[in-house]
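Step one of this worksheet: look at the structure below.
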Amino acid sequence: MSKALGLGLGIIAAIGGFVDIGDLVFNVAAGATFGYQLLWVIVIGLIGIIVYSEMCGRVAAVSGRAVFDAIRERVGFKGAVVALVSSEVVNLMTLAAELGGVAIALQLLSGLPYRWLIVFAVVAFAVVIWVTTFEWIERIFGFGGLCMLVFAVVAVKLGPDWGQVGAGFVPHIAHTNSLLYAYFVVGILGTAMTPYEVYFYSSGGIEDQWSPKDLGLNRANAILGYGLGGTLSFALMITGGALFLSHGISPQHLGTVALAAEQPLGQVGLLLALVGILFAVGAASIDTVFAGAYNLAQFCGWEWGRYRNPRGAPRFALTWLVLLLLALGILMTGVDPVALTEYAVLFSVVALPLTYVPILLVANDKAYMGRYVNGRFANALGLIYLVVIMIVALAAIPLMILTNVGQN
Amino acid sequence: MSGKEIDIGLHVLDHQLLDKDGRRCGNVDDLAIEGGVGEVPEVVAILCGPGYWGQRAGLVGRLAGWIGGGRKVRVPWSEVCKVDSAVELKRGATELGLGRGDDRVRPYMDKIPGAGR
């Protein structure tokens, strides 16, 4: 495969990997509540995910070791057990939320009953993962997710006040309703820097058999892929601000988000939005189910990866099958995927430090990384983000309780 | 194993085990170290399997080890050929009694069509 093609596909996959149900929910809701005021938070989250993805991608390319290997080696066995249990719980919640999102998108497209579509979605994903190679999974969902770009067109067509949009990129504190504002800051950072993204990104690098000569590719994927994904988040928030804030609507349903595309673009817009949501959230379902299986396999030292077939990595295959079934069970209780998303994002924020600290430590280990250890720039940014992550992790649960999960 | 110095706490313990074919076959769950008072302590074996988790993390480790099946495998240090970001072994996983869990689940996965793709 030519270098340029590989680069393009990687970037497309990263765009799809960035935008998930959490981004849809938090960014649109933040726009509907605070207009464009929180755009700066997306920028902060975006730089954070780029810095840490680049770092863990580099570790994977140089040492062949993924994030959960690093966690076990660096925070000790006990810490790793805590990290494993918390990451598996959060991953499973996120997986259920994403699959619920897929079922909602399918329901809006087909009009069939929601519960049947959940079962259909789970079976379809199991079959797709079982028969398709990792490369093709990335491509199918990456390209499908590109339909989400319709939201960039929507954001422009809605004709927002660009002066206010610009002002939203300057960090500031809200004068009214500051608790809810803080809740959204934590949520937007949490959804931009969700741990499953780095689990998937680093293991994905090993799936794609990266070596030190792929470090340029790693950097481009992280910067351009997540950068473009972030642009979509801007578009979602601007859409929320331009359409819902002025009409006093607070979108409680994924369908409302898709309807935003119908306003300026008609049926075609709605269709593109729904297909885009279907594939973006579908990609996130696969990322989370793989992240769950990667983590358990790496903690236990099992063979893993979709580049090995199920015969080559049997317990890994069994794990993702079981995770899909558990998520199906959760959704069958009738829990609302949007509400589940909010809890998943907030709990994942609490687990952030256990994921990000070991990455920073390993990326600085000469015995591991040789001449590819972190430079001063990566370390400075890495340390700044550790502080941000710690503050956000400490604030998440109190804010969740004080704002009644963003309801007041 | 000789030559460069390694920190066994940092660069051996909890690392991935790879057999001679590069198959992932467990982690270094603990190390057996021998040597009495006044002697130079020596690592004699790698201890691998959920059965050793209890001695790493008390109650939580014992619980996790019980869920994991409690298997214990002792690999003599003489079987180690290289310590890199992973610990590489001289022989195949099956010969050393490693990777048994994957071997046990494989026949079930094989019953589903397309498992070899």
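Numbering starts fresh at 1 for the residues of each chain in the structure tokens, the chains themselves are lettered A, B, ... in the order given, and ligands are numbered from 1 as they appear.
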
Do you have, as JSON lines, the list of residues of chain B lying at most 8 Å from chain A, each with its nearest atom pair and that distance in Å to one decimal, counting only C-alpha atoms and ordered by chain then number?
{"residue": "B:Leu10", "atom": "CA", "partner": "A:Glu73", "partner_atom": "CA", "distance": 6.8}
{"residue": "B:His11", "atom": "CA", "partner": "A:Glu73", "partner_atom": "CA", "distance": 7.7}
{"residue": "B:Leu13", "atom": "CA", "partner": "A:Glu73", "partner_atom": "CA", "distance": 7.0}
{"residue": "B:Asp14", "atom": "CA", "partner": "A:Glu73", "partner_atom": "CA", "distance": 5.2}
{"residue": "B:His15", "atom": "CA", "partner": "A:Glu73", "partner_atom": "CA", "distance": 6.2}
{"residue": "B:Gln16", "atom": "CA", "partner": "A:Gly301", "partner_atom": "CA", "distance": 5.9}
{"residue": "B:Leu17", "atom": "CA", "partner": "A:Gly301", "partner_atom": "CA", "distance": 7.2}
{"residue": "B:Arg23", "atom": "CA", "partner": "A:Glu303", "partner_atom": "CA", "distance": 6.7}
{"residue": "B:Arg24", "atom": "CA", "partner": "A:Glu303", "partner_atom": "CA", "distance": 4.8}
{"residue": "B:Cys25", "atom": "CA", "partner": "A:Trp302", "partner_atom": "CA", "distance": 5.8}
{"residue": "B:Gly26", "atom": "CA", "partner": "A:Gly301", "partner_atom": "CA", "distance": 3.9}
{"residue": "B:Asn27", "atom": "CA", "partner": "A:Gly301", "partner_atom": "CA", "distance": 4.7}
{"residue": "B:Arg56", "atom": "CA", "partner": "A:Phe77", "partner_atom": "CA", "distance": 6.6}
{"residue": "B:Ala57", "atom": "CA", "partner": "A:Lys78", "partner_atom": "CA", "distance": 5.5}
{"residue": "B:Val60", "atom": "CA", "partner": "A:Lys78", "partner_atom": "CA", "distance": 7.9}
{"residue": "B:Gly61", "atom": "CA", "partner": "A:Lys78", "partner_atom": "CA", "distance": 7.5}
{"residue": "B:Asp84", "atom": "CA", "partner": "A:Tyr368", "partner_atom": "CA", "distance": 7.5}
{"residue": "B:Ser85", "atom": "CA", "partner": "A:Tyr368", "partner_atom": "CA", "distance": 5.9}
{"residue": "B:Gly99", "atom": "CA", "partner": "A:Trp302", "partner_atom": "CA", "distance": 7.2}
{"residue": "B:Gly101", "atom": "CA", "partner": "A:Arg315", "partner_atom": "CA", "distance": 7.5}
{"residue": "B:Asp102", "atom": "CA", "partner": "A:Pro314", "partner_atom": "CA", "distance": 5.6}
{"residue": "B:Asp103", "atom": "CA", "partner": "A:Pro314", "partner_atom": "CA", "distance": 7.8}
{"residue": "B:Val105", "atom": "CA", "partner": "A:Pro314", "partner_atom": "CA", "distance": 5.9}
{"residue": "B:Arg106", "atom": "CA", "partner": "A:Pro314", "partner_atom": "CA", "distance": 5.2}
{"residue": "B:Met109", "atom": "CA", "partner": "A:Pro314", "partner_atom": "CA", "distance": 6.3}
{"residue": "B:Asp110", "atom": "CA", "partner": "A:Arg311", "partner_atom": "CA", "distance": 6.3}
{"residue": "B:Gly114", "atom": "CA", "partner": "A:Val131", "partner_atom": "CA", "distance": 6.5}
{"residue": "B:Ala115", "atom": "CA", "partner": "A:Pro310", "partner_atom": "CA", "distance": 5.0}
{"residue": "B:Gly116", "atom": "CA", "partner": "A:Arg311", "partner_atom": "CA", "distance": 5.7}
{"residue": "B:Arg117", "atom": "CA", "partner": "A:Asn309", "partner_atom": "CA", "distance": 5.6}

Selection export as an mmCIF file, in the first residue's frame, atoms kept: C-alpha atoms:
data_model
loop_
_atom_site.group_PDB
_atom_site.id
_atom_site.type_symbol
_atom_site.label_atom_id
_atom_site.label_comp_id
_atom_site.auth_asym_id
_atom_site.auth_seq_id
_atom_site.Cartn_x
_atom_site.Cartn_y
_atom_site.Cartn_z
ATOM 1 C CA LEU B 10 10.997 -2.205 36.269
ATOM 2 C CA HIS B 11 11.969 -4.196 33.202
ATOM 3 C CA LEU B 13 8.252 -7.907 36.513
ATOM 4 C CA ASP B 14 4.776 -7.553 34.935
ATOM 5 C CA HIS B 15 6.189 -7.709 31.419
ATOM 6 C CA GLN B 16 4.841 -9.698 28.487
ATOM 7 C CA LEU B 17 6.213 -13.199 27.862
ATOM 8 C CA ARG B 23 3.415 -15.880 20.628
ATOM 9 C CA ARG B 24 2.123 -13.931 23.640
ATOM 10 C CA CYS B 25 1.905 -16.514 26.403
ATOM 11 C CA GLY B 26 1.393 -14.775 29.728
ATOM 12 C CA ASN B 27 2.959 -12.054 31.821
ATOM 13 C CA ARG B 56 1.134 -9.696 44.579
ATOM 14 C CA ALA B 57 -2.031 -7.987 45.771
ATOM 15 C CA VAL B 60 -7.910 -8.438 45.620
ATOM 16 C CA GLY B 61 -5.205 -10.482 43.917
ATOM 17 C CA ASP B 84 13.577 -6.359 25.815
ATOM 18 C CA SER B 85 10.266 -4.520 26.172
ATOM 19 C CA GLY B 99 -0.734 -20.293 27.003
ATOM 20 C CA GLY B 101 -6.000 -21.090 28.456
ATOM 21 C CA ASP B 102 -5.839 -20.000 24.813
ATOM 22 C CA ASP B 103 -5.288 -23.620 23.787
ATOM 23 C CA VAL B 105 -10.687 -22.040 24.289
ATOM 24 C CA ARG B 106 -9.457 -22.520 20.697
ATOM 25 C CA MET B 109 -13.865 -20.799 18.663
ATOM 26 C CA ASP B 110 -13.018 -23.196 15.847
ATOM 27 C CA GLY B 114 -14.619 -18.385 9.729
ATOM 28 C CA ALA B 115 -12.466 -18.666 12.850
ATOM 29 C CA GLY B 116 -9.416 -19.195 10.668
ATOM 30 C CA ARG B 117 -9.884 -16.052 8.601
#

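Nearest residue to Phe125 in chain A among A:Gly190, A:Gly282, A:Gly255, A:Gly329 is A:Gly282, counting only C-alpha atoms.
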
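Close contacts of Val153 in chain A, defined as residues with an atom at most 10 Å away when counting only C-alpha atoms, with chain neighbours fewer than 2 positions off set aside, comprise Met148, Leu149, Val150, Phe151, Ala155, Val156, Lys157, Leu158, Ala235, Thr239, Ala261, Pro264, Leu265 and Gly269 of chain A.
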
Which parts of range 38-109 of chain B does DSSP call helix (DSSP H, G or I) when run on the backbone here, written out as JSON, numbers by chain? {"B": [50, 51, 52, 54, 55, 56, 57, 58, 59, 60, 61, 62, 63, 64, 65, 66, 67, 77, 78, 79, 93, 94, 95, 96, 100, 101, 102, 103, 104, 105, 106, 107, 108, 109]}

Dump of C-alpha atoms for the selected residues, as a PDB file, in the first residue's frame:
ATOM      1  CA  PRO B  50      -3.363 -16.157  38.097  1.00  0.00           C
ATOM      2  CA  GLY B  51      -2.374 -18.465  40.965  1.00  0.00           C
ATOM      3  CA  TYR B  52       0.482 -16.092  41.769  1.00  0.00           C
ATOM      4  CA  GLY B  54      -2.540 -13.467  45.536  1.00  0.00           C
ATOM      5  CA  GLN B  55       1.068 -12.935  46.582  1.00  0.00           C
ATOM      6  CA  ARG B  56       1.134  -9.696  44.579  1.00  0.00           C
ATOM      7  CA  ALA B  57      -2.031  -7.987  45.771  1.00  0.00           C
ATOM      8  CA  GLY B  58      -3.468  -9.718  48.826  1.00  0.00           C
ATOM      9  CA  LEU B  59      -7.207 -10.233  48.903  1.00  0.00           C
ATOM     10  CA  VAL B  60      -7.910  -8.438  45.620  1.00  0.00           C
ATOM     11  CA  GLY B  61      -5.205 -10.482  43.917  1.00  0.00           C
ATOM     12  CA  ARG B  62      -6.506 -13.739  45.387  1.00  0.00           C
ATOM     13  CA  LEU B  63     -10.028 -12.922  44.213  1.00  0.00           C
ATOM     14  CA  ALA B  64      -8.799 -11.987  40.724  1.00  0.00           C
ATOM     15  CA  GLY B  65      -6.616 -15.125  40.662  1.00  0.00           C
ATOM     16  CA  TRP B  66      -9.562 -17.288  41.688  1.00  0.00           C
ATOM     17  CA  ILE B  67     -11.682 -15.801  38.884  1.00  0.00           C
ATOM     18  CA  TRP B  77      15.249 -18.376  34.272  1.00  0.00           C
ATOM     19  CA  SER B  78      17.551 -20.461  32.055  1.00  0.00           C
ATOM     20  CA  GLU B  79      14.694 -20.526  29.492  1.00  0.00           C
ATOM     21  CA  ALA B  93       4.693 -21.888  24.843  1.00  0.00           C
ATOM     22  CA  THR B  94       3.158 -25.377  24.894  1.00  0.00           C
ATOM     23  CA  GLU B  95       6.478 -27.021  25.801  1.00  0.00           C
ATOM     24  CA  LEU B  96       6.792 -24.682  28.780  1.00  0.00           C
ATOM     25  CA  ARG B 100      -2.855 -23.240  28.149  1.00  0.00           C
ATOM     26  CA  GLY B 101      -6.000 -21.090  28.456  1.00  0.00           C
ATOM     27  CA  ASP B 102      -5.839 -20.000  24.813  1.00  0.00           C
ATOM     28  CA  ASP B 103      -5.288 -23.620  23.787  1.00  0.00           C
ATOM     29  CA  ARG B 104      -8.352 -24.698  25.750  1.00  0.00           C
ATOM     30  CA  VAL B 105     -10.687 -22.040  24.289  1.00  0.00           C
ATOM     31  CA  ARG B 106      -9.457 -22.520  20.697  1.00  0.00           C
ATOM     32  CA  PRO B 107     -11.552 -25.654  19.875  1.00  0.00           C
ATOM     33  CA  TYR B 108     -14.741 -23.779  20.841  1.00  0.00           C
ATOM     34  CA  MET B 109     -13.865 -20.799  18.663  1.00  0.00           C
TER      35      MET B 109
END

Enumerate, as number ranges by chain, the complete set of residues in range 42-106 of chain B that a backbone-based DSSP assignment places in strand (DSSP E or B). B: 42-48, 73-76, 80-83, 87-89

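Once Val73 in chain B and its same-chain neighbours fewer than 2 positions away are set aside, B:Ile46, B:Leu47, B:Cys48, B:Gly49, B:Gly51, B:Tyr52, B:Arg71, B:Val75, B:Leu96, B:Gly97, B:Leu98 remain within 9 Å of it when counting only C-alpha atoms.
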
Counting only C-alpha atoms, what is within 9 Å of Ser86 in chain A, bar same-chain residues fewer than 5 positions away, as JSON, numbers by chain? {"A": [81, 91, 347, 348, 350, 351]}

Please, could you write that set of residues out with C-alpha atoms as a PDB file, in the first residue's frame?
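The resulting file, again_3.pdb, is shown below:
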ATOM      1  CA  VAL A  81      -6.165  -4.276  38.878  1.00  0.00           C
ATOM      2  CA  ASN A  91     -15.809   0.645  28.500  1.00  0.00           C
ATOM      3  CA  PHE A 347     -16.896   7.962  35.235  1.00  0.00           C
ATOM      4  CA  SER A 348     -14.266   7.677  32.515  1.00  0.00           C
ATOM      5  CA  VAL A 350     -12.229   9.576  37.060  1.00  0.00           C
ATOM      6  CA  ALA A 351     -10.230   6.753  35.433  1.00  0.00           C
TER       7      ALA A 351
END

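For the atom pair formed by CA of Leu217 in chain A and CA of Gly10 in chain A, the distance is 8.0 Å, given to one decimal.
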
Residue neighbourhood range 18-26 of chain A, 6 Å, only C-alpha atoms, exclusion window fewer than 6 positions, as a PyMOL selection string: chain A and resi 98+191+229+280-281+284+341

Of the residues A:Met332, A:Ile397, A:Ala61, A:Ala97, which is the one nearest to Asp208 in chain A, using only C-alpha atoms? A:Ala61

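Relative to CA of Met93 in chain A, CA of Val122 in chain A is found at 14.7 Å.
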
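From CA of Ala192 in chain A back to CA of Gly31 in chain A, the distance works out to 15.6 Å.
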
Residues near Glu34 in chain B, anyone? I mean within 7 Å using only C-alpha atoms, not counting same-chain ones fewer than 5 positions away, as a short mmCIF file (atom, residue, chain, number, x, y, z; two decimals) with N, CA and C atoms, in the first residue's frame.
data_model
loop_
_atom_site.label_atom_id
_atom_site.label_comp_id
_atom_site.auth_asym_id
_atom_site.auth_seq_id
_atom_site.Cartn_x
_atom_site.Cartn_y
_atom_site.Cartn_z
N PRO B 41 21.53 -12.47 45.94
CA PRO B 41 20.26 -13.04 45.50
C PRO B 41 20.25 -13.26 43.99
N GLU B 42 19.59 -14.34 43.59
CA GLU B 42 19.58 -14.69 42.18
C GLU B 42 18.15 -15.03 41.75
N VAL B 43 17.76 -14.52 40.57
CA VAL B 43 16.44 -14.86 40.04
C VAL B 43 16.53 -16.26 39.45
N VAL B 44 15.73 -17.19 39.97
CA VAL B 44 15.83 -18.55 39.46
C VAL B 44 14.68 -18.92 38.52
#

Quick one: contact table of range 180-282 of chain A to range 374-390 of chain A, 10 Å max, nearest atom pair and distance in Å to one decimal per residue, counting only C-alpha atoms, chain and number order, as CSV?
residue,atom,partner,partner_atom,distance
A:Val186,CA,A:Ile389,CA,9.5
A:Leu189,CA,A:Ile389,CA,8.8
A:Gly190,CA,A:Ile389,CA,8.9
A:Met193,CA,A:Ile389,CA,9.3

Writer output for current selection, C-alpha atoms, as an mmCIF file, in the first residue's frame:
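And here's again_21.cif as it stands now:
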data_model
loop_
_atom_site.group_PDB
_atom_site.id
_atom_site.type_symbol
_atom_site.label_atom_id
_atom_site.label_comp_id
_atom_site.auth_asym_id
_atom_site.auth_seq_id
_atom_site.Cartn_x
_atom_site.Cartn_y
_atom_site.Cartn_z
ATOM 1 C CA VAL A 186 -15.622 18.439 32.504
ATOM 2 C CA LEU A 189 -12.878 17.367 28.160
ATOM 3 C CA GLY A 190 -13.888 13.868 29.228
ATOM 4 C CA MET A 193 -9.968 12.516 26.006
#

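Considering the residues A:Ile49, A:Leu236, A:Leu7, A:Leu106 and counting only C-alpha atoms, Glu197 in chain A has its shortest atom-to-atom contact with A:Ile49.
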